[in-house]
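What's in entry37.txt: compact mmCIF, C-alpha atoms
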# COMPACT_ATOMS: atom_id res chain seq x y z
CA MET A 1151 -31.76 -37.10 44.25
CA MET A 1152 -28.83 -38.92 45.86
CA ILE A 1153 -26.86 -37.28 48.67
CA SER A 1154 -23.77 -38.91 50.12
CA HIS A 1155 -23.19 -37.26 53.49
CA GLY A 1156 -19.74 -38.75 53.86
CA LEU A 1157 -18.43 -37.30 50.62
CA LYS A 1158 -20.92 -34.42 50.43
CA ILE A 1159 -21.86 -35.40 46.89
CA THR A 1160 -25.21 -34.26 45.53
CA LYS A 1161 -26.42 -36.01 42.40
CA GLU A 1162 -29.62 -35.44 40.44
CA ASP A 1163 -31.02 -37.31 37.43
CA PHE A 1164 -33.79 -36.37 35.04
CA CYS A 1165 -34.99 -38.22 31.94
CA PHE A 1166 -36.13 -36.51 28.75
CA GLY A 1167 -37.18 -39.10 26.20
CA PRO A 1168 -34.13 -41.26 25.43
CA TRP A 1169 -31.83 -38.71 27.14
CA LYS A 1170 -30.73 -38.78 30.77
CA VAL A 1171 -29.57 -35.53 32.37
CA THR A 1172 -27.24 -35.92 35.36
CA THR A 1173 -25.75 -33.23 37.56
CA ALA A 1174 -23.23 -33.84 40.34
CA LYS A 1175 -21.89 -31.40 42.92
CA ASN A 1176 -19.16 -31.83 45.51
CA HIS A 1177 -16.82 -29.74 47.66
CA ILE A 1178 -13.69 -28.06 46.28
CA MET A 1179 -10.68 -30.26 45.63
CA ASN A 1180 -8.28 -30.84 48.51
CA SER A 1181 -4.63 -29.73 48.43
CA LYS A 1182 -3.30 -33.20 47.63
CA ASP A 1183 -5.52 -33.60 44.58
CA LEU A 1184 -4.77 -30.04 43.49
CA GLU A 1185 -1.03 -30.70 43.58
CA ARG A 1186 -1.42 -33.85 41.51
CA LEU A 1187 -3.66 -32.10 38.97
CA THR A 1188 -1.28 -29.14 38.69
CA GLN A 1189 1.47 -31.51 37.61
CA GLU A 1190 -0.77 -33.39 35.20
CA LEU A 1191 -1.96 -30.22 33.47
CA ASN A 1192 1.48 -28.59 33.55
CA LEU A 1193 0.03 -25.36 34.93
CA PRO A 1194 1.88 -23.20 37.50
CA SER A 1195 -1.34 -22.80 39.49
CA LEU A 1196 -5.02 -23.66 39.44
CA PRO A 1197 -8.17 -21.66 40.25
CA GLU A 1198 -8.73 -20.99 43.95
CA MET A 1199 -12.05 -22.81 43.95
CA LEU A 1200 -11.90 -25.90 41.77
CA PHE A 1201 -14.76 -28.37 41.86
CA GLY A 1202 -13.15 -31.40 40.29
CA GLU A 1203 -16.13 -33.72 40.71
CA ASN A 1204 -18.81 -31.28 39.61
CA MET A 1205 -20.33 -32.05 36.24
CA LEU A 1206 -23.35 -31.97 33.95
CA ARG A 1207 -23.87 -34.96 31.67
CA ILE A 1208 -26.43 -35.40 28.90
CA GLN A 1209 -26.39 -39.02 27.75
CA HIS A 1210 -28.51 -40.96 25.29
CA GLY A 1211 -29.81 -44.39 26.22
CA ASP A 1212 -27.38 -45.92 23.72
CA GLY A 1213 -24.39 -44.48 25.56
CA PHE A 1214 -23.29 -41.46 23.54
CA GLY A 1215 -23.65 -37.89 24.72
CA ILE A 1216 -21.84 -34.84 26.02
CA GLU A 1217 -20.48 -33.88 29.43
CA PHE A 1218 -19.28 -30.64 31.00
CA ASN A 1219 -16.67 -30.89 33.76
CA ALA A 1220 -13.97 -28.76 35.38
CA ILE A 1221 -10.93 -30.88 34.57
CA ASP A 1222 -11.53 -30.91 30.82
CA ALA A 1223 -12.26 -27.17 30.95
CA LEU A 1224 -8.82 -26.61 32.51
CA LYS A 1225 -7.19 -28.65 29.75
CA ARG A 1226 -8.19 -25.90 27.30
CA ILE A 1227 -6.16 -23.26 29.17
CA ASN A 1228 -2.99 -22.12 27.43
CA ASN A 1229 -0.15 -23.38 29.62
CA SER A 1230 2.56 -21.66 27.57
CA ASP A 1231 3.50 -18.04 26.90
CA ASP A 1232 0.54 -16.05 25.57
CA ASN A 1233 1.50 -12.55 24.41
CA VAL A 1234 -2.04 -11.20 24.49
CA GLN A 1235 -2.67 -12.44 27.99
CA VAL A 1236 0.72 -11.29 29.28
CA ALA A 1237 0.23 -7.84 27.81
CA CYS A 1238 -3.09 -7.68 29.62
CA ALA A 1239 -1.45 -8.75 32.85
CA GLN A 1240 1.22 -6.07 32.51
CA GLN A 1241 -1.41 -3.39 31.93
CA TRP A 1242 -3.29 -4.60 35.00
CA GLN A 1243 -0.10 -4.68 37.07
CA GLU A 1244 0.88 -1.13 36.11
CA SER A 1245 -2.54 0.16 37.19
CA ARG A 1246 -2.22 -1.33 40.67
CA VAL A 1247 -0.39 -0.30 43.84
CA PRO A 1248 2.52 -2.71 44.41
CA SER A 1249 1.63 -5.61 46.69
CA GLU A 1250 2.94 -9.02 47.62
CA HIS A 1251 1.06 -10.50 44.65
CA SER A 1252 1.91 -7.85 42.06
CA GLN A 1253 4.90 -9.72 40.71
CA GLU A 1254 3.08 -13.03 40.54
CA VAL A 1255 0.67 -12.03 37.76
CA VAL A 1256 2.94 -12.12 34.72
CA ARG A 1257 3.71 -15.80 34.21
CA PRO A 1258 4.32 -17.97 31.17
CA TYR A 1259 0.73 -19.24 31.10
CA ASP A 1260 -2.76 -17.81 30.87
CA TRP A 1261 -3.12 -16.52 34.43
CA THR A 1262 -6.77 -15.56 33.73
CA PHE A 1263 -7.67 -19.25 33.24
CA THR A 1264 -9.48 -18.39 30.00
CA THR A 1265 -10.88 -21.53 28.40
CA ASP A 1266 -12.76 -22.12 25.16
CA TYR A 1267 -14.08 -25.43 26.47
CA ARG A 1268 -17.30 -26.53 24.73
CA GLY A 1269 -17.98 -29.88 26.35
CA THR A 1270 -16.60 -33.40 26.26
CA LEU A 1271 -18.05 -36.00 23.90
CA ILE A 1272 -18.68 -39.30 25.68
CA GLY A 1273 -19.49 -42.85 24.62
CA GLU A 1274 -17.55 -46.09 24.30
CA GLU A 1275 -19.03 -47.81 21.24
CA MET A 1276 -20.18 -44.63 19.52
CA GLN A 1277 -19.72 -40.89 19.90
CA ILE A 1278 -21.18 -37.76 18.43
CA LYS A 1279 -19.53 -36.75 15.18
CA VAL A 1280 -19.53 -33.03 14.51
CA THR A 1281 -19.98 -31.43 11.08
CA GLU A 1282 -20.90 -27.93 9.91
CA THR A 1283 -24.40 -26.48 9.79
CA THR A 1284 -25.98 -23.11 9.14
CA GLU A 1285 -29.00 -23.85 11.33
CA ARG A 1286 -29.28 -21.75 14.46
CA ILE A 1287 -30.95 -22.08 17.82
CA ASN A 1288 -34.39 -20.53 17.83
CA MET A 1289 -33.86 -18.01 20.64
CA GLU A 1290 -37.34 -16.54 20.24
CA LYS A 1291 -38.88 -19.93 20.96
CA LEU A 1292 -36.72 -20.23 24.06
CA ARG A 1293 -38.11 -16.94 25.33
CA THR A 1294 -41.68 -18.19 25.27
CA ARG A 1295 -43.00 -19.22 28.67
CA GLU A 1296 -43.00 -22.96 29.08
CA GLN A 1297 -43.08 -25.17 32.15
CA ILE A 1298 -39.64 -25.83 33.64
CA MET A 1299 -39.56 -29.53 34.41
CA PHE A 1300 -35.94 -29.55 35.59
CA PHE A 1301 -33.34 -26.86 36.25
CA ASP A 1302 -29.87 -26.94 37.74
CA GLU A 1303 -26.67 -24.91 37.71
CA VAL A 1304 -23.21 -26.32 38.36
CA LEU A 1305 -20.11 -24.26 39.17
CA LEU A 1306 -16.92 -25.78 37.75
CA PHE A 1307 -14.28 -23.33 38.95
CA GLU A 1308 -13.83 -19.77 40.18
CA ASP A 1309 -10.85 -17.54 40.97
CA GLU A 1310 -10.87 -13.94 42.23
CA LEU A 1311 -7.49 -13.05 40.67
CA HIS A 1312 -6.08 -11.84 43.99
CA ASP A 1313 -9.19 -9.71 44.65
CA HIS A 1314 -8.78 -7.82 41.37
CA GLY A 1315 -11.54 -9.47 39.35
CA VAL A 1316 -13.03 -12.87 38.71
CA SER A 1317 -12.55 -15.84 36.42
CA MET A 1318 -15.26 -18.48 36.52
CA ILE A 1319 -17.04 -21.11 34.48
CA SER A 1320 -20.41 -22.67 35.19
CA VAL A 1321 -23.01 -24.67 33.32
CA LYS A 1322 -26.77 -24.68 33.70
CA ILE A 1323 -29.57 -26.62 32.10
CA ARG A 1324 -33.32 -26.29 31.89
CA VAL A 1325 -35.63 -28.99 30.60
CA MET A 1326 -39.06 -28.11 29.23
CA PRO A 1327 -41.79 -30.47 27.96
CA THR A 1328 -40.65 -29.98 24.33
CA SER A 1329 -36.90 -29.32 24.59
CA PHE A 1330 -33.83 -28.86 26.74
CA PHE A 1331 -31.33 -26.00 26.74
CA THR A 1332 -27.84 -25.79 28.22
CA LEU A 1333 -25.58 -22.77 28.69
CA LEU A 1334 -21.90 -23.19 29.53
CA ARG A 1335 -20.44 -19.77 30.35
CA PHE A 1336 -16.87 -18.67 31.05
CA PHE A 1337 -16.82 -15.18 32.54
CA LEU A 1338 -13.69 -13.07 33.04
CA ARG A 1339 -13.44 -9.63 34.59
CA VAL A 1340 -10.06 -8.04 35.22
CA ASP A 1341 -10.80 -4.83 37.10
CA GLY A 1342 -9.80 -1.77 35.12
CA VAL A 1343 -8.71 -3.84 32.12
CA LEU A 1344 -11.31 -6.02 30.35
CA ILE A 1345 -14.38 -8.24 30.45
CA ARG A 1346 -14.62 -11.45 28.40
CA ILE A 1347 -17.35 -14.05 27.96
CA ASN A 1348 -17.14 -17.42 26.19
CA ASP A 1349 -20.57 -19.01 25.73
CA THR A 1350 -21.50 -22.50 24.57
CA ARG A 1351 -25.21 -23.16 24.04
CA LEU A 1352 -26.67 -26.61 23.46
CA TYR A 1353 -30.28 -27.10 22.35
CA HIS A 1354 -32.41 -30.14 21.52
CA GLU A 1355 -36.07 -30.38 20.59
CA ALA A 1356 -38.13 -33.48 21.26
CA GLY A 1357 -38.68 -35.47 18.10
CA GLN A 1358 -35.61 -34.07 16.36
CA LYS A 1359 -32.70 -36.33 15.53
CA TYR A 1360 -30.05 -33.74 16.27
CA MET A 1361 -28.90 -31.10 18.72
CA LEU A 1362 -27.58 -27.64 17.98
CA ARG A 1363 -24.49 -26.21 19.64
CA GLU A 1364 -23.37 -22.59 19.39
CA PHE A 1365 -20.11 -21.04 20.56
CA CYS A 1366 -19.13 -17.39 20.70
CA THR A 1367 -16.58 -15.12 22.35
CA ARG A 1368 -17.36 -11.56 23.40
CA GLU A 1369 -14.87 -9.13 24.85
CA SER A 1370 -14.34 -5.45 25.58
CA SER A 1371 -11.85 -3.31 27.43
CA ILE A 1372 -13.16 -1.45 30.46
CA ALA A 1373 -12.29 1.82 28.72
CA GLU A 1374 -14.73 0.95 25.91
CA LEU A 1375 -17.48 0.38 28.48
CA LYS A 1376 -17.24 3.80 30.10
CA SER A 1377 -20.87 4.61 29.22
CA ILE A 1378 -22.10 1.46 31.01
CA PRO A 1379 -22.83 1.61 34.77
CA ALA A 1380 -20.04 -0.12 36.67
CA SER A 1381 -22.66 -2.03 38.66
CA GLN A 1382 -23.29 -4.14 35.55
CA PHE A 1383 -19.66 -5.25 35.33
CA THR A 1384 -20.20 -7.89 38.01
CA ASP A 1385 -23.31 -9.42 36.39
CA PRO A 1386 -22.50 -11.56 33.33
CA ASN A 1387 -26.11 -11.53 32.18
CA GLU A 1388 -26.30 -7.74 32.28
CA ILE A 1389 -22.93 -6.92 30.74
CA ALA A 1390 -23.07 -9.58 28.01
CA GLN A 1391 -25.34 -7.49 25.79
CA HIS A 1392 -22.75 -4.69 25.75
CA LEU A 1393 -19.79 -6.83 24.65
CA PRO A 1394 -18.97 -7.08 20.93
CA PHE A 1395 -18.33 -10.45 19.34
CA LYS A 1396 -14.66 -11.30 18.90
CA LEU A 1397 -15.08 -14.85 17.64
CA ARG A 1398 -17.94 -16.51 15.78
CA GLN A 1399 -17.19 -20.02 14.64
CA TRP A 1400 -19.34 -22.42 12.75
CA ALA A 1401 -19.02 -25.72 14.52
CA LEU A 1402 -19.75 -29.12 13.12
CA GLU A 1403 -22.86 -31.10 12.24
CA ASP A 1404 -23.09 -34.44 13.98
CA ARG A 1405 -24.11 -37.77 12.57
CA PHE A 1406 -24.24 -41.05 14.43
CA ALA A 1407 -23.53 -44.52 13.13
CA HIS A 1408 -26.79 -45.54 14.75
CA PRO A 1409 -30.44 -45.88 13.62
CA TRP A 1410 -31.54 -43.14 16.04
CA ALA A 1411 -29.31 -40.69 14.25
CA ARG A 1412 -29.95 -41.33 10.62
CA GLY A 1413 -30.81 -37.68 10.67
CA LYS A 1414 -28.29 -35.03 11.69
CA LEU A 1415 -27.15 -33.88 15.07
CA ARG A 1416 -25.90 -30.45 14.14
CA PHE A 1417 -23.51 -28.44 16.19
CA HIS A 1418 -23.28 -24.81 15.15
CA ASP A 1419 -20.92 -22.23 16.62
CA GLY A 1420 -21.95 -18.72 15.78
CA GLU A 1421 -23.47 -15.46 16.81
CA THR A 1422 -26.62 -15.46 18.87
CA LYS A 1423 -28.71 -12.61 20.14
CA VAL A 1424 -28.14 -11.86 23.79
CA SER A 1425 -31.09 -11.44 26.10
CA ARG A 1426 -31.18 -10.34 29.69
CA CYS A 1427 -31.73 -12.93 32.37
CA ARG A 1428 -31.13 -13.33 36.05
CA ARG A 1429 -29.69 -16.36 37.76
CA LYS A 1430 -32.78 -17.09 39.84
CA GLN A 1431 -35.18 -16.72 36.92
CA ALA A 1432 -34.67 -20.00 35.14
CA ARG A 1433 -37.86 -19.62 33.14
CA ASP A 1434 -36.70 -16.46 31.39
CA CYS A 1435 -33.00 -17.22 31.19
CA VAL A 1436 -31.72 -17.97 27.72
CA GLY A 1437 -28.19 -16.70 28.30
Show this structure as structure tokens.
Amino acid sequence: MMISHGLKITKEDFCFGPWKVTTAKNHIMNSKDLERLTQELNLPSLPEMLFGENMLRIQHGDGFGIEFNAIDALKRINNSDDNVQVACAQQWQESRVPSEHSQEVVRPYDWTFTTDYRGTLIGEEMQIKVTETTERINMEKLRTREQIMFFDEVLLFEDELHDHGVSMISVKIRVMPTSFFTLLRFFLRVDGVLIRINDTRLYHEAGQKYMLREFCTRESSIAELKSIPASQFTDPNEIAQHLPFKLRQWALEDRFAHPWARGKLRFHDGETKVSRCRRKQARDCVG
């Protein structure tokens, strides 16, 4: 572990065969950097807590890999008029007592900061190429008890929507003796209106010449969840199993122009079975 006390940066590395897992954590961005980034992204505002230097990187010894970071996640936010999002904002606004923030919600951008970010491919001389696959992550195997050699969770951004909900995205990884598993989760709760989850799962088994990636969107209005205890609304792991799938995409199957990858590195975006897990129980957590 490397800790820079001056910059308050915490960095951890862990090697799994030819792969190197790196996590970095820092404080929230300062106002000057936030102003610059707001202009670059052409967004009227940014999440209240934005960790611009936080990241999780999974990189092969030959340079290629995938990274998860806050800035690239923000680039996937719709910065133009979105009728669905605006309609949601209007419904939320009508259900609230007027306040100083009530007129700030409806703006010509996705004020919920919803992102379908699935990671950033990295590598100078070679990168992962994605093609379709029907293969899926073996969730049952992930539920079997296996030693956790490395675990970490990195928060990328969070916003409380003026105390009327939450919008956040985080990524966590666990490395076992035979595989590693990553879950990138965007969680949105607008009180009295809806709950939405965008999940990206990444899985690799030792000895295989590919990884599998799955993406799915689940969403439900609060009215449709009236039979579910409200206490579960604040726990993404608990409420996820009650949300219907709204989007199930088949991603792409990756091949590398490299001897290591003469096989296939498959990325698959599709439906996966949801299991319960708690944040502090890394061993049982499969997202």
What's the 9 Å shell around segment 1370-1376 of chain A, counting only C-alpha atoms, without same-chain residues fewer than 2 positions away, as a VMD selection string? chain A and resid 1340 to 1346 1368 1378 to 1380 1383 1392 to 1396
Rounded to one decimal place, report the atom CA of Thr1264 of chain A-atom CA of Glu1303 of chain A distance in Å.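 Rounded to one decimal, the two atoms are 19.9 Å apart.
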For segment 1329-1331 of chain A, work out the shell of residues within 12 Å, counting all atoms listed in the file and skipping chain neighbours fewer than 6 positions away, then give it as a PDB file with C-alpha atoms, keeping the file's coordinate frame.
ATOM      1  CA  PHE A1164     -33.790 -36.370  35.040  1.00  0.00           C
ATOM      2  CA  CYS A1165     -34.990 -38.220  31.940  1.00  0.00           C
ATOM      3  CA  PHE A1166     -36.130 -36.510  28.750  1.00  0.00           C
ATOM      4  CA  GLY A1167     -37.180 -39.100  26.200  1.00  0.00           C
ATOM      5  CA  TRP A1169     -31.830 -38.710  27.140  1.00  0.00           C
ATOM      6  CA  LYS A1170     -30.730 -38.780  30.770  1.00  0.00           C
ATOM      7  CA  VAL A1171     -29.570 -35.530  32.370  1.00  0.00           C
ATOM      8  CA  ILE A1208     -26.430 -35.400  28.900  1.00  0.00           C
ATOM      9  CA  ILE A1287     -30.950 -22.080  17.820  1.00  0.00           C
ATOM     10  CA  ASN A1288     -34.390 -20.530  17.830  1.00  0.00           C
ATOM     11  CA  MET A1289     -33.860 -18.010  20.640  1.00  0.00           C
ATOM     12  CA  LYS A1291     -38.880 -19.930  20.960  1.00  0.00           C
ATOM     13  CA  LEU A1292     -36.720 -20.230  24.060  1.00  0.00           C
ATOM     14  CA  ARG A1293     -38.110 -16.940  25.330  1.00  0.00           C
ATOM     15  CA  GLU A1296     -43.000 -22.960  29.080  1.00  0.00           C
ATOM     16  CA  GLN A1297     -43.080 -25.170  32.150  1.00  0.00           C
ATOM     17  CA  ILE A1298     -39.640 -25.830  33.640  1.00  0.00           C
ATOM     18  CA  MET A1299     -39.560 -29.530  34.410  1.00  0.00           C
ATOM     19  CA  PHE A1300     -35.940 -29.550  35.590  1.00  0.00           C
ATOM     20  CA  PHE A1301     -33.340 -26.860  36.250  1.00  0.00           C
ATOM     21  CA  ASP A1302     -29.870 -26.940  37.740  1.00  0.00           C
ATOM     22  CA  GLU A1303     -26.670 -24.910  37.710  1.00  0.00           C
ATOM     23  CA  VAL A1321     -23.010 -24.670  33.320  1.00  0.00           C
ATOM     24  CA  LYS A1322     -26.770 -24.680  33.700  1.00  0.00           C
ATOM     25  CA  ILE A1323     -29.570 -26.620  32.100  1.00  0.00           C
ATOM     26  CA  THR A1350     -21.500 -22.500  24.570  1.00  0.00           C
ATOM     27  CA  ARG A1351     -25.210 -23.160  24.040  1.00  0.00           C
ATOM     28  CA  LEU A1352     -26.670 -26.610  23.460  1.00  0.00           C
ATOM     29  CA  TYR A1353     -30.280 -27.100  22.350  1.00  0.00           C
ATOM     30  CA  HIS A1354     -32.410 -30.140  21.520  1.00  0.00           C
ATOM     31  CA  GLU A1355     -36.070 -30.380  20.590  1.00  0.00           C
ATOM     32  CA  ALA A1356     -38.130 -33.480  21.260  1.00  0.00           C
ATOM     33  CA  GLY A1357     -38.680 -35.470  18.100  1.00  0.00           C
ATOM     34  CA  GLN A1358     -35.610 -34.070  16.360  1.00  0.00           C
ATOM     35  CA  TYR A1360     -30.050 -33.740  16.270  1.00  0.00           C
ATOM     36  CA  MET A1361     -28.900 -31.100  18.720  1.00  0.00           C
ATOM     37  CA  LEU A1362     -27.580 -27.640  17.980  1.00  0.00           C
ATOM     38  CA  ARG A1363     -24.490 -26.210  19.640  1.00  0.00           C
ATOM     39  CA  GLU A1364     -23.370 -22.590  19.390  1.00  0.00           C
ATOM     40  CA  ALA A1432     -34.670 -20.000  35.140  1.00  0.00           C
ATOM     41  CA  ARG A1433     -37.860 -19.620  33.140  1.00  0.00           C
ATOM     42  CA  ASP A1434     -36.700 -16.460  31.390  1.00  0.00           C
ATOM     43  CA  CYS A1435     -33.000 -17.220  31.190  1.00  0.00           C
ATOM     44  CA  VAL A1436     -31.720 -17.970  27.720  1.00  0.00           C
ATOM     45  CA  GLY A1437     -28.190 -16.700  28.300  1.00  0.00           C
TER      46      GLY A1437
END
Please indicate the distance in Å from atom CA of Gly1215 of chain A to atom CA of Ile1272 of chain A, rounded to one decimal place.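 Distance reported for this atom pair: 5.3 Å.
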Leaving out Leu1271 of chain A and any residue of its chain fewer than 4 positions from it, which residues lie within 10 Å of it when counting only C-alpha atoms, given as a VMD selection string? chain A and resid 1207 to 1209 1214 to 1218 1276 to 1280
Axis-aligned box for segment 1325-1334 of chain A, 8 Å per side, centre and edges in Å as lines of an AutoDock Vina configuration file:
center_x = -31.8
center_y = -26.6
center_z = 27.5
size_x = 35.9
size_y = 23.7
size_z = 22.3
